[in-house]
Amino acid sequence: MYIVLFGAPGVGKGTQAQLLAERKNFAHLSTGDEFRRNMREETELGKLVKPIVQSGNLVSDEIVSRIVTDALSQKRFSNGCIFDGYPRTTNQAQYLDSFLQSRNTPITKVVNIEVDEDNIVSRLLQRGRVDDTEQVIRERLAIYQNETAPLLEYYQNQNILVSVNGVGQLEEVYNRIVSVL
Ligand code: ADP
């Protein structure tokens, strides 16, 4: 199964993806984690994306596609995975579709985790990552609305979109996600 966990920054995609990976033995691909790892290790890629990530902007589709292609060519991703924080633009979604279709393993489901904006902002402020200042959070939410939210219709049209309520205890939300997979 290839599952996309979808939603605004701070809805809990990363946490839920990690739980699914641990408990259901899914491979997990977080483009954000990949960027943060590269920034920590100060690789060329890390140096390139650091100012972009820290300002809350999106890394270019070209760089993102390269990361994803590299990851998906590893054996541990060949039986499926959870995508978390990817795709985030129409371009990325089209790229992923053509990549997976060429391997005859299309996306199984896109799970849209829904959380209201007030909840999101307070969660992100608690998390306290360097890109979690109030100004950068606002920037990321605006970018989500403009660039990423249109993908809801894109996946709705493919009949693979399901939505779950992301407000509640971690285990509650986890069970909701598992029940729609
Ligand atoms: P969050 O869960 O708060 O959305 P992520 O870890 O998914 O955080 O992403 C952190 C940052 O990494 C984003 O704000 C963006 O700069 C960059 N990033 C991650 N994934 C993508 C992507 N698919 N396309 C473009 N930029 C991305």
# chains A, B, ... in the order shown; residues from 1 in each chain; ligands from 1

$ residues_near_ligand --ligand "ligand 1" --cutoff "9 Å" --atoms "only C-alpha atoms and all ligand atoms" --output "JSON, numbers by chain"
{"A": [7, 8, 9, 10, 11, 12, 13, 14, 30, 31, 32, 33, 34, 35, 36, 49, 50, 51, 52, 53, 54, 55, 56, 57, 58, 59, 60, 61, 63, 64, 65, 68, 84, 85, 86, 87, 88, 89, 92, 124, 129, 131, 132, 136, 137, 139, 140, 141, 143, 144]}

$ residues_around --residues "Arg176 in chain A" --least-positions-apart "4" --cutoff "7 Å" --atoms "only C-alpha atoms" --output "ChimeraX atom specification"
/A:164,172,180

$ atom_distance --atom1 "CA of Phe99 in chain A" --atom2 "CA of Leu29 in chain A"
15.1 Å

$ select_by_dssp --residues "chain A" --states "strand (DSSP E or B)" --output "list of chain:residue names"
A:Tyr2, A:Ile3, A:Val4, A:Leu5, A:Phe6, A:His28, A:Leu29, A:Ser30, A:Cys81, A:Ile82, A:Phe83, A:Asp84, A:Lys109, A:Val110, A:Val111, A:Asn112, A:Ile113, A:Glu114, A:Leu161, A:Val162, A:Ser163, A:Val164, A:Asn165

$ closest_residue --among "A:Arg40, A:Glu147, A:Glu117, A:Lys109" --to "Asn91 in chain A" --atoms "only C-alpha atoms"
A:Glu147

$ residues_around --residues "Arg76 in chain A" --least-positions-apart "6" --cutoff "10 Å" --atoms "only C-alpha atoms" --output "ChimeraX atom specification"
/A:26-28

$ atom_distance --atom1 "CA of Ser122 in chain A" --atom2 "CA of Glu134 in chain A"
9.4 Å

$ atom_distance --atom1 "CA of Val130 in chain A" --atom2 "CA of Leu151 in chain A"
27.0 Å

$ select_by_dssp --residues "range 28-76 of chain A" --states "alpha helix (DSSP H)" --output "PyMOL selection string"
chain A and resi 31-40+44-55+61-72

$ residues_around --residues "Asn165 in chain A" --least-positions-apart "5" --cutoff "9 Å" --atoms "only C-alpha atoms" --output "tab-separated table (two decimals) with all heavy atoms, in the first residue's frame"
chain	number	residue	atom	x	y	z
A	112	ASN	N	-6.75	12.58	4.64
A	112	ASN	CA	-6.71	14.00	4.98
A	112	ASN	C	-7.03	14.16	6.46
A	112	ASN	O	-8.13	13.84	6.91
A	112	ASN	CB	-7.75	14.73	4.12
A	112	ASN	CG	-7.88	16.19	4.47
A	112	ASN	OD1	-6.89	16.84	4.84
A	112	ASN	ND2	-9.09	16.73	4.36
A	113	ILE	N	-6.05	14.63	7.24
A	113	ILE	CA	-6.24	14.80	8.68
A	113	ILE	C	-6.71	16.24	8.93
A	113	ILE	O	-5.99	17.19	8.60
A	113	ILE	CB	-4.94	14.50	9.45
A	113	ILE	CG1	-4.42	13.10	9.06
A	113	ILE	CG2	-5.17	14.60	10.95
A	113	ILE	CD1	-3.10	12.73	9.73
A	114	GLU	N	-7.90	16.36	9.48
A	114	GLU	CA	-8.50	17.69	9.63
A	114	GLU	C	-8.40	18.22	11.05
A	114	GLU	O	-8.85	17.57	11.99
A	114	GLU	CB	-9.98	17.63	9.23
A	114	GLU	CG	-10.18	17.28	7.77
A	114	GLU	CD	-11.65	17.25	7.37
A	114	GLU	OE1	-12.44	16.58	8.04
A	114	GLU	OE2	-11.99	17.91	6.38
A	115	VAL	N	-7.80	19.41	11.17
A	115	VAL	CA	-7.68	20.09	12.47
A	115	VAL	C	-7.93	21.58	12.21
A	115	VAL	O	-7.44	22.13	11.22
A	115	VAL	CB	-6.27	19.88	13.07
A	115	VAL	CG1	-6.09	20.69	14.35
A	115	VAL	CG2	-6.00	18.40	13.35
A	173	VAL	N	-7.01	9.30	17.24
A	173	VAL	CA	-6.78	9.71	15.86
A	173	VAL	C	-6.16	8.54	15.09
A	173	VAL	O	-6.55	8.24	13.95
A	173	VAL	CB	-5.88	10.96	15.79
A	173	VAL	CG1	-5.58	11.34	14.35
A	173	VAL	CG2	-6.52	12.14	16.53
A	176	ARG	N	-8.78	6.11	14.13
A	176	ARG	CA	-9.60	6.63	13.02
A	176	ARG	C	-8.88	6.41	11.69
A	176	ARG	O	-9.49	6.03	10.69
A	176	ARG	CB	-9.86	8.13	13.19
A	176	ARG	CG	-10.85	8.46	14.29
A	176	ARG	CD	-11.00	9.98	14.44
A	176	ARG	NE	-11.56	10.32	15.74
A	176	ARG	CZ	-11.23	11.39	16.46
A	176	ARG	NH1	-10.33	12.25	16.00
A	176	ARG	NH2	-11.78	11.62	17.62
A	177	ILE	N	-7.58	6.65	11.70
A	177	ILE	CA	-6.82	6.48	10.45
A	177	ILE	C	-6.81	5.01	10.03
A	177	ILE	O	-7.10	4.68	8.89
A	177	ILE	CB	-5.38	7.03	10.60
A	177	ILE	CG1	-5.42	8.55	10.77
A	177	ILE	CG2	-4.52	6.65	9.39
A	177	ILE	CD1	-4.08	9.19	11.11

$ closest_residue --among "A:Leu152, A:Ala71, A:Leu96, A:Leu45" --to "Val110 in chain A" --atoms "only C-alpha atoms"
A:Leu152

$ decode --residues "range 81-119 of chain A" --atoms "N, CA and C atoms" --output "mmCIF file, in the first residue's frame"
data_model
loop_
_atom_site.group_PDB
_atom_site.id
_atom_site.type_symbol
_atom_site.label_atom_id
_atom_site.label_comp_id
_atom_site.auth_asym_id
_atom_site.auth_seq_id
_atom_site.Cartn_x
_atom_site.Cartn_y
_atom_site.Cartn_z
ATOM 1 N N CYS A 81 4.640 2.408 1.193
ATOM 2 C CA CYS A 81 5.123 3.308 2.236
ATOM 3 C C CYS A 81 4.063 4.335 2.605
ATOM 4 N N ILE A 82 4.378 5.053 3.672
ATOM 5 C CA ILE A 82 3.560 6.190 4.089
ATOM 6 C C ILE A 82 4.302 7.455 3.671
ATOM 7 N N PHE A 83 3.653 8.295 2.893
ATOM 8 C CA PHE A 83 4.208 9.604 2.561
ATOM 9 C C PHE A 83 3.660 10.615 3.550
ATOM 10 N N ASP A 84 4.555 11.433 4.065
ATOM 11 C CA ASP A 84 4.163 12.390 5.102
ATOM 12 C C ASP A 84 4.785 13.738 4.739
ATOM 13 N N GLY A 85 3.932 14.712 4.440
ATOM 14 C CA GLY A 85 4.437 16.021 4.012
ATOM 15 C C GLY A 85 4.786 16.055 2.533
ATOM 16 N N TYR A 86 4.343 15.080 1.823
ATOM 17 C CA TYR A 86 4.579 14.971 0.379
ATOM 18 C C TYR A 86 3.438 14.180 -0.223
ATOM 19 N N PRO A 87 2.896 14.538 -1.369
ATOM 20 C CA PRO A 87 3.172 15.749 -2.144
ATOM 21 C C PRO A 87 2.502 16.990 -1.575
ATOM 22 N N ARG A 88 3.056 18.142 -1.926
ATOM 23 C CA ARG A 88 2.569 19.425 -1.434
ATOM 24 C C ARG A 88 2.201 20.388 -2.544
ATOM 25 N N THR A 89 2.447 20.036 -3.776
ATOM 26 C CA THR A 89 2.051 20.882 -4.917
ATOM 27 C C THR A 89 1.474 19.961 -5.994
ATOM 28 N N THR A 90 0.730 20.570 -6.935
ATOM 29 C CA THR A 90 0.158 19.788 -8.038
ATOM 30 C C THR A 90 1.269 19.109 -8.835
ATOM 31 N N ASN A 91 2.326 19.849 -9.050
ATOM 32 C CA ASN A 91 3.475 19.290 -9.737
ATOM 33 C C ASN A 91 4.023 18.035 -9.079
ATOM 34 N N GLN A 92 4.169 18.101 -7.760
ATOM 35 C CA GLN A 92 4.668 16.940 -7.003
ATOM 36 C C GLN A 92 3.688 15.781 -7.093
ATOM 37 N N ALA A 93 2.397 16.083 -7.025
ATOM 38 C CA ALA A 93 1.390 15.018 -7.078
ATOM 39 C C ALA A 93 1.421 14.318 -8.432
ATOM 40 N N GLN A 94 1.576 15.119 -9.494
ATOM 41 C CA GLN A 94 1.631 14.529 -10.834
ATOM 42 C C GLN A 94 2.889 13.698 -11.001
ATOM 43 N N TYR A 95 3.974 14.192 -10.443
ATOM 44 C CA TYR A 95 5.231 13.442 -10.522
ATOM 45 C C TYR A 95 5.080 12.096 -9.807
ATOM 46 N N LEU A 96 4.529 12.139 -8.602
ATOM 47 C CA LEU A 96 4.372 10.897 -7.832
ATOM 48 C C LEU A 96 3.443 9.919 -8.555
ATOM 49 N N ASP A 97 2.347 10.439 -9.099
ATOM 50 C CA ASP A 97 1.439 9.562 -9.846
ATOM 51 C C ASP A 97 2.153 8.868 -10.997
ATOM 52 N N SER A 98 2.915 9.634 -11.768
ATOM 53 C CA SER A 98 3.533 8.986 -12.925
ATOM 54 C C SER A 98 4.627 8.026 -12.481
ATOM 55 N N PHE A 99 5.333 8.385 -11.414
ATOM 56 C CA PHE A 99 6.364 7.476 -10.900
ATOM 57 C C PHE A 99 5.748 6.152 -10.445
ATOM 58 N N LEU A 100 4.699 6.235 -9.631
ATOM 59 C CA LEU A 100 4.090 5.007 -9.091
ATOM 60 C C LEU A 100 3.350 4.226 -10.178
ATOM 61 N N GLN A 101 2.735 4.952 -11.110
ATOM 62 C CA GLN A 101 2.034 4.247 -12.176
ATOM 63 C C GLN A 101 3.001 3.476 -13.064
ATOM 64 N N SER A 102 4.199 4.028 -13.241
ATOM 65 C CA SER A 102 5.176 3.322 -14.070
ATOM 66 C C SER A 102 5.606 2.010 -13.408
ATOM 67 N N ARG A 103 5.385 1.917 -12.097
ATOM 68 C CA ARG A 103 5.704 0.658 -11.403
ATOM 69 C C ARG A 103 4.446 -0.154 -11.114
ATOM 70 N N ASN A 104 3.326 0.318 -11.638
ATOM 71 C CA ASN A 104 2.046 -0.366 -11.420
ATOM 72 C C ASN A 104 1.636 -0.463 -9.963
ATOM 73 N N THR A 105 2.043 0.516 -9.173
ATOM 74 C CA THR A 105 1.659 0.550 -7.763
ATOM 75 C C THR A 105 1.126 1.939 -7.418
ATOM 76 N N PRO A 106 -0.086 2.263 -7.919
ATOM 77 C CA PRO A 106 -0.607 3.613 -7.667
ATOM 78 C C PRO A 106 -0.882 3.861 -6.188
ATOM 79 N N ILE A 107 -1.098 5.134 -5.828
ATOM 80 C CA ILE A 107 -1.454 5.492 -4.454
ATOM 81 C C ILE A 107 -2.736 4.758 -4.069
ATOM 82 N N THR A 108 -2.717 4.148 -2.892
ATOM 83 C CA THR A 108 -3.891 3.408 -2.416
ATOM 84 C C THR A 108 -4.918 4.365 -1.835
ATOM 85 N N LYS A 109 -4.472 5.200 -0.919
ATOM 86 C CA LYS A 109 -5.380 6.153 -0.276
ATOM 87 C C LYS A 109 -4.647 7.405 0.160
ATOM 88 N N VAL A 110 -5.389 8.494 0.149
ATOM 89 C CA VAL A 110 -4.895 9.757 0.690
ATOM 90 C C VAL A 110 -5.756 10.074 1.907
ATOM 91 N N VAL A 111 -5.124 10.125 3.066
ATOM 92 C CA VAL A 111 -5.865 10.374 4.307
ATOM 93 C C VAL A 111 -5.669 11.827 4.713
ATOM 94 N N ASN A 112 -6.752 12.575 4.640
ATOM 95 C CA ASN A 112 -6.715 13.995 4.981
ATOM 96 C C ASN A 112 -7.031 14.157 6.464
ATOM 97 N N ILE A 113 -6.055 14.628 7.236
ATOM 98 C CA ILE A 113 -6.245 14.800 8.681
ATOM 99 C C ILE A 113 -6.705 16.236 8.930
ATOM 100 N N GLU A 114 -7.903 16.363 9.479
ATOM 101 C CA GLU A 114 -8.503 17.689 9.627
ATOM 102 C C GLU A 114 -8.400 18.223 11.055
ATOM 103 N N VAL A 115 -7.796 19.407 11.168
ATOM 104 C CA VAL A 115 -7.683 20.093 12.467
ATOM 105 C C VAL A 115 -7.933 21.581 12.211
ATOM 106 N N ASP A 116 -8.705 22.226 13.081
ATOM 107 C CA ASP A 116 -8.983 23.653 12.885
ATOM 108 C C ASP A 116 -7.729 24.500 13.145
ATOM 109 N N GLU A 117 -7.732 25.695 12.555
ATOM 110 C CA GLU A 117 -6.510 26.507 12.548
ATOM 111 C C GLU A 117 -6.022 26.925 13.945
ATOM 112 N N ASP A 118 -6.943 27.224 14.859
ATOM 113 C CA ASP A 118 -6.522 27.625 16.220
ATOM 114 C C ASP A 118 -5.729 26.512 16.887
ATOM 115 N N ASN A 119 -6.247 25.305 16.759
ATOM 116 C CA ASN A 119 -5.568 24.137 17.300
ATOM 117 C C ASN A 119 -4.185 23.952 16.681
#
